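With PDB, C-alpha atoms and all ligand atoms inside, this is target_0.pdb:
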```pdb
ATOM      1  CA  MET A  15     102.575 103.205  85.666  1.00  0.00           C
ATOM      2  CA  LEU A  16     104.099 102.668  89.067  1.00  0.00           C
ATOM      3  CA  GLU A  17     101.391 100.172  90.055  1.00  0.00           C
ATOM      4  CA  ASN A  18     102.248  97.971  87.077  1.00  0.00           C
ATOM      5  CA  GLN A  19     105.869  97.776  88.201  1.00  0.00           C
ATOM      6  CA  GLU A  20     104.878  96.975  91.759  1.00  0.00           C
ATOM      7  CA  LEU A  21     102.593  94.170  90.593  1.00  0.00           C
ATOM      8  CA  ARG A  22     105.262  92.655  88.380  1.00  0.00           C
ATOM      9  CA  LYS A  23     107.862  92.954  91.117  1.00  0.00           C
ATOM     10  CA  ALA A  24     105.495  91.015  93.402  1.00  0.00           C
ATOM     11  CA  GLY A  25     105.182  88.333  90.719  1.00  0.00           C
ATOM     12  CA  LEU A  26     101.597  89.198  89.784  1.00  0.00           C
ATOM     13  CA  LYS A  27     100.265  89.763  86.319  1.00  0.00           C
ATOM     14  CA  VAL A  28      98.997  93.262  85.641  1.00  0.00           C
ATOM     15  CA  THR A  29      95.207  93.257  85.472  1.00  0.00           C
ATOM     16  CA  LEU A  30      92.855  96.205  85.682  1.00  0.00           C
ATOM     17  CA  PRO A  31      91.243  95.179  89.006  1.00  0.00           C
ATOM     18  CA  ARG A  32      94.664  94.662  90.573  1.00  0.00           C
ATOM     19  CA  VAL A  33      95.886  98.075  89.413  1.00  0.00           C
ATOM     20  CA  LYS A  34      92.705  99.819  90.592  1.00  0.00           C
ATOM     21  CA  ILE A  35      92.762  98.154  93.996  1.00  0.00           C
ATOM     22  CA  LEU A  36      96.438  98.935  94.466  1.00  0.00           C
ATOM     23  CA  GLN A  37      95.744 102.578  93.588  1.00  0.00           C
ATOM     24  CA  ILE A  38      93.008 102.726  96.214  1.00  0.00           C
ATOM     25  CA  LEU A  39      95.254 101.211  98.880  1.00  0.00           C
ATOM     26  CA  GLU A  40      97.889 103.787  97.987  1.00  0.00           C
ATOM     27  CA  GLY A  41      95.397 106.640  98.293  1.00  0.00           C
ATOM     28  CA  SER A  42      94.955 108.796 101.373  1.00  0.00           C
ATOM     29  CA  GLN A  43      92.007 106.788 102.722  1.00  0.00           C
ATOM     30  CA  GLY A  44      93.815 103.556 102.036  1.00  0.00           C
ATOM     31  CA  LEU A  45      95.784 103.190 105.233  1.00  0.00           C
ATOM     32  CA  HIS A  46      93.660 100.427 106.775  1.00  0.00           C
ATOM     33  CA  MET A  47      90.776  99.289 104.628  1.00  0.00           C
ATOM     34  CA  SER A  48      88.403  96.346 104.768  1.00  0.00           C
ATOM     35  CA  ALA A  49      87.436  94.572 101.543  1.00  0.00           C
ATOM     36  CA  GLU A  50      84.079  96.380 101.786  1.00  0.00           C
ATOM     37  CA  ASP A  51      85.847  99.755 102.084  1.00  0.00           C
ATOM     38  CA  VAL A  52      87.853  98.974  98.945  1.00  0.00           C
ATOM     39  CA  TYR A  53      84.707  97.847  97.157  1.00  0.00           C
ATOM     40  CA  LYS A  54      82.894 101.074  98.091  1.00  0.00           C
ATOM     41  CA  ALA A  55      85.836 103.179  96.928  1.00  0.00           C
ATOM     42  CA  LEU A  56      85.739 101.339  93.584  1.00  0.00           C
ATOM     43  CA  LEU A  57      82.002 102.015  93.303  1.00  0.00           C
ATOM     44  CA  ASP A  58      82.600 105.707  94.046  1.00  0.00           C
ATOM     45  CA  ALA A  59      85.213 105.767  91.292  1.00  0.00           C
ATOM     46  CA  GLU A  60      82.675 104.046  89.016  1.00  0.00           C
ATOM     47  CA  GLU A  61      84.932 101.060  88.567  1.00  0.00           C
ATOM     48  CA  ASP A  62      83.088  97.855  87.792  1.00  0.00           C
ATOM     49  CA  VAL A  63      84.809  95.397  90.128  1.00  0.00           C
ATOM     50  CA  GLY A  64      82.765  92.956  92.178  1.00  0.00           C
ATOM     51  CA  LEU A  65      83.193  92.307  95.886  1.00  0.00           C
ATOM     52  CA  ALA A  66      84.294  88.713  95.235  1.00  0.00           C
ATOM     53  CA  THR A  67      87.081  90.014  92.992  1.00  0.00           C
ATOM     54  CA  VAL A  68      88.110  92.503  95.668  1.00  0.00           C
ATOM     55  CA  TYR A  69      88.415  89.653  98.207  1.00  0.00           C
ATOM     56  CA  ARG A  70      90.358  87.522  95.758  1.00  0.00           C
ATOM     57  CA  VAL A  71      92.766  90.306  94.776  1.00  0.00           C
ATOM     58  CA  LEU A  72      93.402  91.308  98.393  1.00  0.00           C
ATOM     59  CA  THR A  73      94.177  87.687  99.254  1.00  0.00           C
ATOM     60  CA  GLN A  74      96.541  87.508  96.264  1.00  0.00           C
ATOM     61  CA  PHE A  75      98.202  90.742  97.401  1.00  0.00           C
ATOM     62  CA  GLU A  76      98.601  89.294 100.873  1.00  0.00           C
ATOM     63  CA  GLY A  77     100.156  86.120  99.463  1.00  0.00           C
ATOM     64  CA  ALA A  78     102.548  88.185  97.362  1.00  0.00           C
ATOM     65  CA  GLY A  79     103.599  90.251 100.386  1.00  0.00           C
ATOM     66  CA  LEU A  80     102.140  93.479  98.977  1.00  0.00           C
ATOM     67  CA  VAL A  81      99.669  93.952 101.801  1.00  0.00           C
ATOM     68  CA  ILE A  82      99.331  92.938 105.428  1.00  0.00           C
ATOM     69  CA  ARG A  83      96.035  91.648 106.769  1.00  0.00           C
ATOM     70  CA  HIS A  84      94.997  92.566 110.287  1.00  0.00           C
ATOM     71  CA  ASN A  85      92.245  90.737 112.096  1.00  0.00           C
ATOM     72  CA  PHE A  86      91.322  93.269 114.737  1.00  0.00           C
ATOM     73  CA  ASP A  87      88.617  92.202 117.193  1.00  0.00           C
ATOM     74  CA  SER A  88      86.432  95.083 116.099  1.00  0.00           C
ATOM     75  CA  GLY A  89      85.155  93.379 112.975  1.00  0.00           C
ATOM     76  CA  HIS A  90      86.315  92.613 109.448  1.00  0.00           C
ATOM     77  CA  SER A  91      89.863  92.039 108.357  1.00  0.00           C
ATOM     78  CA  VAL A  92      91.570  95.234 107.325  1.00  0.00           C
ATOM     79  CA  PHE A  93      94.369  95.475 104.817  1.00  0.00           C
ATOM     80  CA  GLU A  94      97.251  97.882 104.569  1.00  0.00           C
ATOM     81  CA  LEU A  95     100.131  98.172 102.170  1.00  0.00           C
ATOM     82  CA  ALA A  96     103.288  96.499 103.406  1.00  0.00           C
ATOM     83  CA  ARG A  97     105.511  99.526 103.721  1.00  0.00           C
ATOM     84  CA  GLY A  98     108.312  97.677 105.420  1.00  0.00           C
ATOM     85  CA  GLU A  99     108.202  99.774 108.553  1.00  0.00           C
ATOM     86  CA  HIS A 100     107.054  98.152 111.741  1.00  0.00           C
ATOM     87  CA  HIS A 101     104.310  99.845 113.702  1.00  0.00           C
ATOM     88  CA  ASP A 102     101.670  98.885 116.220  1.00  0.00           C
ATOM     89  CA  HIS A 103      97.994  99.743 116.231  1.00  0.00           C
ATOM     90  CA  MET A 104      95.306 101.177 118.459  1.00  0.00           C
ATOM     91  CA  VAL A 105      91.691 100.509 117.557  1.00  0.00           C
ATOM     92  CA  CYS A 106      88.961 102.779 118.904  1.00  0.00           C
ATOM     93  CA  MET A 107      86.052 100.598 120.001  1.00  0.00           C
ATOM     94  CA  GLU A 108      83.589 103.447 119.505  1.00  0.00           C
ATOM     95  CA  SER A 109      84.524 104.902 116.145  1.00  0.00           C
ATOM     96  CA  GLY A 110      86.485 102.010 114.670  1.00  0.00           C
ATOM     97  CA  GLU A 111      89.309 104.448 113.958  1.00  0.00           C
ATOM     98  CA  ILE A 112      92.741 102.822 113.678  1.00  0.00           C
ATOM     99  CA  ILE A 113      95.714 104.739 115.020  1.00  0.00           C
ATOM    100  CA  GLU A 114      99.298 103.731 114.268  1.00  0.00           C
ATOM    101  CA  PHE A 115     102.065 104.171 116.779  1.00  0.00           C
ATOM    102  CA  ILE A 116     105.605 103.115 117.456  1.00  0.00           C
ATOM    103  CA  ASP A 117     107.216 103.181 120.873  1.00  0.00           C
ATOM    104  CA  GLU A 118     110.919 102.406 121.270  1.00  0.00           C
ATOM    105  CA  GLU A 119     110.460 101.520 124.914  1.00  0.00           C
ATOM    106  CA  ILE A 120     107.830  98.880 124.127  1.00  0.00           C
ATOM    107  CA  GLU A 121     109.971  97.479 121.307  1.00  0.00           C
ATOM    108  CA  ARG A 122     112.981  97.255 123.593  1.00  0.00           C
ATOM    109  CA  ARG A 123     111.061  95.643 126.459  1.00  0.00           C
ATOM    110  CA  GLN A 124     109.585  93.001 124.145  1.00  0.00           C
ATOM    111  CA  LYS A 125     113.072  92.066 122.942  1.00  0.00           C
ATOM    112  CA  GLU A 126     114.261  91.824 126.553  1.00  0.00           C
ATOM    113  CA  ILE A 127     111.338  89.623 127.559  1.00  0.00           C
ATOM    114  CA  ALA A 128     111.821  87.238 124.616  1.00  0.00           C
ATOM    115  CA  ASP A 129     115.565  87.215 125.305  1.00  0.00           C
ATOM    116  CA  LYS A 130     114.988  86.373 128.974  1.00  0.00           C
ATOM    117  CA  HIS A 131     113.058  83.309 127.848  1.00  0.00           C
ATOM    118  CA  GLY A 132     115.818  82.316 125.445  1.00  0.00           C
ATOM    119  CA  TYR A 133     114.131  83.522 122.281  1.00  0.00           C
ATOM    120  CA  GLU A 134     114.487  86.206 119.688  1.00  0.00           C
ATOM    121  CA  ILE A 135     111.473  87.924 118.192  1.00  0.00           C
ATOM    122  CA  VAL A 136     110.561  86.958 114.642  1.00  0.00           C
ATOM    123  CA  ASP A 137     107.537  89.197 114.459  1.00  0.00           C
ATOM    124  CA  HIS A 138     105.004  90.736 116.756  1.00  0.00           C
ATOM    125  CA  ASN A 139     101.667  92.344 116.563  1.00  0.00           C
ATOM    126  CA  LEU A 140     100.477  94.636 119.317  1.00  0.00           C
ATOM    127  CA  VAL A 141      96.951  95.985 119.270  1.00  0.00           C
ATOM    128  CA  LEU A 142      95.470  98.254 121.922  1.00  0.00           C
ATOM    129  CA  TYR A 143      91.689  98.428 122.023  1.00  0.00           C
ATOM    130  CA  VAL A 144      90.776 101.876 123.243  1.00  0.00           C
ATOM    131  CA  LYS A 145      87.898 104.287 123.777  1.00  0.00           C
ATOM    132  CA  PRO A 146      87.948 108.073 124.103  1.00  0.00           C
ATOM    133  CA  LYS A 147      88.935 109.235 127.586  1.00  0.00           C
ATOM    134  CA  GLN A 148      86.010 110.331 129.798  1.00  0.00           C
ATOM    135  CA  LYS A 149      86.244 114.024 130.497  1.00  0.00           C
ATOM    136  CA  SER A 150      86.265 114.617 134.235  1.00  0.00           C
TER     137      SER A 150
HETATM  138 ZN    ZN B   1      99.052 100.161 110.102  1.00  0.00          ZN
END
```

The structure given in the file should be rewritten as structure tokens.
Amino acid sequence: MLENQELRKAGLKVTLPRVKILQILEGSQGLHMSAEDVYKALLDAEEDVGLATVYRVLTQFEGAGLVIRHNFDSGHSVFELARGEHHDHMVCMESGEIIEFIDEEIERRQKEIADKHGYEIVDHNLVLYVKPKQKS
């Protein structure tokens, strides 16, 4: 199984909870999930994995570089697979929906600003908190 290889590559032993949780994160609803979301998905799949295990595994995944944790202001931490491609996020304050975007102009400007101050960017995290536009 692909998940087994990914776990080993990340230096983690293959265990059933780890494989199941990785599968869920790789699924279509898995783009940005809280530990509770993952737990509910496991329940739906009738997998017997406790919430404490979900937290522990997600933290292990984060430590191994398999997932990225986001602490958006809207509530719980959410986790997404580290896919190696940079993107920024928009969080809808009404629905909690998380939208990914990438904007070359923003990326370029950030580099320029850091450069102007004598720095280069190591990493950045841009989050826009949004709400649906009022119809006029
Ligand atoms: Zn994302």

Requested in this report: Please provide as number ranges by chain all residues within 12 Å of A:Leu30, with the sequence filter that same-chain residues fewer than 2 positions apart are discarded (counting only C-alpha atoms).
Outcome: A: 15, 17-18, 21, 26-28, 32-37, 56, 61-63, 67-68, 71

Query raised in the report: If I put a ball of radius 8 Å at (95.0, 97.8, 119.4) in the file's coordinates, which residues poke into it when counting only C-alpha atoms, written as a PyMOL selection string?
Result: chain A and resi 86+102-106+112+140-144

Report task. Identify, counting all atoms listed in the file, the protein, DNA and RNA residues located within 10 Å of ligand ZN 1 (chain B), and give them as a PyMOL selection string. Result -> chain A and resi 45-47+82-84+92-97+99-104+112-115

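Take the candidates A:Glu108, A:Arg123, A:Arg22, A:Ala55 and check each one against A:Leu39 using all atoms listed in the file; the shortest distance goes to A:Ala55.
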
Report summary line: Separating atom CA of A:Tyr53 from atom CA of A:Glu76, to the nearest tenth of an Å, is a gap of 16.7 Å

So for stretch 89-98 of chain A, what box centre and size do we get, axis-aligned, 3 Å extra on each of the six sides, every listed atom, Å to one decimal, as lines of an AutoDock Vina configuration file?
```
center_x = 96.7
center_y = 95.8
center_z = 107.6
size_x = 29.2
size_y = 13.5
size_z = 16.8
```

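Computed from the coordinates, the atom CA of A:Asn139 to atom CA of A:Lys125 distance equals 13.1 Å.
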
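The spacing separating atom CA of A:Gly110 from atom CA of A:Glu60 amounts to 26.0 Å.
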
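Of the residues under consideration (A:Asp51, A:Asp87, A:Glu121, A:Glu126), A:Asp87 shows the shortest atom-to-atom contact distance to A:Met107 when counting only C-alpha atoms.
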
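Considering all atoms listed in the file, the residue among A:Ala24, A:Gly89, A:Ser150, A:Ile120 positioned nearest to A:His138 is A:Ile120.
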
Can stretch 115-126 of chain A be brought up to all heavy atoms and written out as a PDB file, in the frame of the given file?
```
ATOM      1  N   PHE A 115     101.048 103.591 115.912  1.00  0.00           N
ATOM      2  CA  PHE A 115     102.065 104.171 116.779  1.00  0.00           C
ATOM      3  C   PHE A 115     103.289 103.276 116.819  1.00  0.00           C
ATOM      4  O   PHE A 115     103.229 102.101 116.448  1.00  0.00           O
ATOM      5  CB  PHE A 115     101.526 104.408 118.202  1.00  0.00           C
ATOM      6  CG  PHE A 115     101.285 103.148 118.981  1.00  0.00           C
ATOM      7  CD1 PHE A 115     102.252 102.649 119.850  1.00  0.00           C
ATOM      8  CD2 PHE A 115     100.101 102.455 118.839  1.00  0.00           C
ATOM      9  CE1 PHE A 115     102.028 101.473 120.565  1.00  0.00           C
ATOM     10  CE2 PHE A 115      99.875 101.278 119.547  1.00  0.00           C
ATOM     11  CZ  PHE A 115     100.836 100.796 120.417  1.00  0.00           C
ATOM     12  N   ILE A 116     104.373 103.874 117.248  1.00  0.00           N
ATOM     13  CA  ILE A 116     105.605 103.115 117.456  1.00  0.00           C
ATOM     14  C   ILE A 116     106.234 103.659 118.730  1.00  0.00           C
ATOM     15  O   ILE A 116     106.258 104.862 118.941  1.00  0.00           O
ATOM     16  CB  ILE A 116     106.545 103.214 116.231  1.00  0.00           C
ATOM     17  CG1 ILE A 116     107.873 102.502 116.486  1.00  0.00           C
ATOM     18  CG2 ILE A 116     106.814 104.635 115.796  1.00  0.00           C
ATOM     19  CD1 ILE A 116     107.977 101.207 115.736  1.00  0.00           C
ATOM     20  N   ASP A 117     106.648 102.769 119.600  1.00  0.00           N
ATOM     21  CA  ASP A 117     107.216 103.181 120.873  1.00  0.00           C
ATOM     22  C   ASP A 117     108.488 102.373 121.130  1.00  0.00           C
ATOM     23  O   ASP A 117     108.433 101.159 121.293  1.00  0.00           O
ATOM     24  CB  ASP A 117     106.188 102.961 121.993  1.00  0.00           C
ATOM     25  CG  ASP A 117     106.684 103.484 123.331  1.00  0.00           C
ATOM     26  OD1 ASP A 117     107.666 102.913 123.865  1.00  0.00           O
ATOM     27  OD2 ASP A 117     106.099 104.452 123.834  1.00  0.00           O
ATOM     28  N   GLU A 118     109.613 103.072 121.138  1.00  0.00           N
ATOM     29  CA  GLU A 118     110.919 102.406 121.270  1.00  0.00           C
ATOM     30  C   GLU A 118     111.003 101.609 122.568  1.00  0.00           C
ATOM     31  O   GLU A 118     111.583 100.526 122.610  1.00  0.00           O
ATOM     32  CB  GLU A 118     112.054 103.435 121.215  1.00  0.00           C
ATOM     33  CG  GLU A 118     112.185 104.186 119.895  1.00  0.00           C
ATOM     34  CD  GLU A 118     112.287 103.258 118.678  1.00  0.00           C
ATOM     35  OE1 GLU A 118     112.776 102.121 118.836  1.00  0.00           O
ATOM     36  OE2 GLU A 118     111.853 103.670 117.585  1.00  0.00           O
ATOM     37  N   GLU A 119     110.429 102.173 123.605  1.00  0.00           N
ATOM     38  CA  GLU A 119     110.460 101.520 124.914  1.00  0.00           C
ATOM     39  C   GLU A 119     109.758 100.157 124.862  1.00  0.00           C
ATOM     40  O   GLU A 119     110.282  99.154 125.353  1.00  0.00           O
ATOM     41  CB  GLU A 119     109.775 102.438 125.944  1.00  0.00           C
ATOM     42  CG  GLU A 119     109.827 101.933 127.362  1.00  0.00           C
ATOM     43  CD  GLU A 119     111.080 102.386 128.105  1.00  0.00           C
ATOM     44  OE1 GLU A 119     112.047 102.843 127.450  1.00  0.00           O
ATOM     45  OE2 GLU A 119     111.093 102.266 129.319  1.00  0.00           O
ATOM     46  N   ILE A 120     108.580 100.137 124.260  1.00  0.00           N
ATOM     47  CA  ILE A 120     107.830  98.880 124.127  1.00  0.00           C
ATOM     48  C   ILE A 120     108.625  97.877 123.287  1.00  0.00           C
ATOM     49  O   ILE A 120     108.743  96.706 123.635  1.00  0.00           O
ATOM     50  CB  ILE A 120     106.433  99.128 123.504  1.00  0.00           C
ATOM     51  CG1 ILE A 120     105.552  99.883 124.506  1.00  0.00           C
ATOM     52  CG2 ILE A 120     105.766  97.818 123.093  1.00  0.00           C
ATOM     53  CD1 ILE A 120     104.189 100.286 123.940  1.00  0.00           C
ATOM     54  N   GLU A 121     109.179  98.358 122.177  1.00  0.00           N
ATOM     55  CA  GLU A 121     109.971  97.479 121.307  1.00  0.00           C
ATOM     56  C   GLU A 121     111.125  96.858 122.084  1.00  0.00           C
ATOM     57  O   GLU A 121     111.386  95.659 121.997  1.00  0.00           O
ATOM     58  CB  GLU A 121     110.530  98.272 120.110  1.00  0.00           C
ATOM     59  CG  GLU A 121     109.486  98.934 119.216  1.00  0.00           C
ATOM     60  CD  GLU A 121     108.554  97.942 118.536  1.00  0.00           C
ATOM     61  OE1 GLU A 121     109.040  96.892 118.080  1.00  0.00           O
ATOM     62  OE2 GLU A 121     107.344  98.216 118.482  1.00  0.00           O
ATOM     63  N   ARG A 122     111.808  97.698 122.843  1.00  0.00           N
ATOM     64  CA  ARG A 122     112.981  97.255 123.593  1.00  0.00           C
ATOM     65  C   ARG A 122     112.582  96.232 124.666  1.00  0.00           C
ATOM     66  O   ARG A 122     113.207  95.188 124.805  1.00  0.00           O
ATOM     67  CB  ARG A 122     113.664  98.475 124.244  1.00  0.00           C
ATOM     68  CG  ARG A 122     115.033  98.196 124.858  1.00  0.00           C
ATOM     69  CD  ARG A 122     115.671  99.467 125.401  1.00  0.00           C
ATOM     70  NE  ARG A 122     114.795 100.161 126.363  1.00  0.00           N
ATOM     71  CZ  ARG A 122     114.584  99.744 127.615  1.00  0.00           C
ATOM     72  NH1 ARG A 122     115.160  98.658 128.069  1.00  0.00           N
ATOM     73  NH2 ARG A 122     113.769 100.426 128.420  1.00  0.00           N
ATOM     74  N   ARG A 123     111.518  96.538 125.391  1.00  0.00           N
ATOM     75  CA  ARG A 123     111.061  95.643 126.459  1.00  0.00           C
ATOM     76  C   ARG A 123     110.668  94.275 125.897  1.00  0.00           C
ATOM     77  O   ARG A 123     110.947  93.247 126.495  1.00  0.00           O
ATOM     78  CB  ARG A 123     109.883  96.265 127.225  1.00  0.00           C
ATOM     79  CG  ARG A 123     110.261  97.408 128.145  1.00  0.00           C
ATOM     80  CD  ARG A 123     111.057  96.921 129.351  1.00  0.00           C
ATOM     81  NE  ARG A 123     110.266  96.041 130.221  1.00  0.00           N
ATOM     82  CZ  ARG A 123     110.747  94.938 130.808  1.00  0.00           C
ATOM     83  NH1 ARG A 123     111.983  94.566 130.605  1.00  0.00           N
ATOM     84  NH2 ARG A 123     109.965  94.198 131.580  1.00  0.00           N
ATOM     85  N   GLN A 124     110.004  94.274 124.751  1.00  0.00           N
ATOM     86  CA  GLN A 124     109.585  93.001 124.145  1.00  0.00           C
ATOM     87  C   GLN A 124     110.804  92.139 123.813  1.00  0.00           C
ATOM     88  O   GLN A 124     110.800  90.935 124.046  1.00  0.00           O
ATOM     89  CB  GLN A 124     108.757  93.258 122.888  1.00  0.00           C
ATOM     90  CG  GLN A 124     107.403  93.845 123.204  1.00  0.00           C
ATOM     91  CD  GLN A 124     106.564  94.092 121.958  1.00  0.00           C
ATOM     92  OE1 GLN A 124     105.438  93.665 121.875  1.00  0.00           O
ATOM     93  NE2 GLN A 124     107.132  94.793 120.998  1.00  0.00           N
ATOM     94  N   LYS A 125     111.838  92.797 123.264  1.00  0.00           N
ATOM     95  CA  LYS A 125     113.072  92.066 122.942  1.00  0.00           C
ATOM     96  C   LYS A 125     113.669  91.476 124.211  1.00  0.00           C
ATOM     97  O   LYS A 125     114.081  90.319 124.232  1.00  0.00           O
ATOM     98  CB  LYS A 125     114.086  93.008 122.281  1.00  0.00           C
ATOM     99  CG  LYS A 125     113.822  93.254 120.814  1.00  0.00           C
ATOM    100  CD  LYS A 125     115.073  93.821 120.119  1.00  0.00           C
ATOM    101  CE  LYS A 125     114.716  94.376 118.765  1.00  0.00           C
ATOM    102  NZ  LYS A 125     114.210  95.772 118.823  1.00  0.00           N
ATOM    103  N   GLU A 126     113.695  92.282 125.273  1.00  0.00           N
ATOM    104  CA  GLU A 126     114.261  91.824 126.553  1.00  0.00           C
ATOM    105  C   GLU A 126     113.494  90.626 127.098  1.00  0.00           C
ATOM    106  O   GLU A 126     114.081  89.676 127.597  1.00  0.00           O
ATOM    107  CB  GLU A 126     114.217  92.969 127.582  1.00  0.00           C
ATOM    108  CG  GLU A 126     115.295  94.018 127.359  1.00  0.00           C
ATOM    109  CD  GLU A 126     115.136  95.207 128.303  1.00  0.00           C
ATOM    110  OE1 GLU A 126     114.267  95.154 129.214  1.00  0.00           O
ATOM    111  OE2 GLU A 126     115.870  96.189 128.127  1.00  0.00           O
TER     112      GLU A 126
END
```
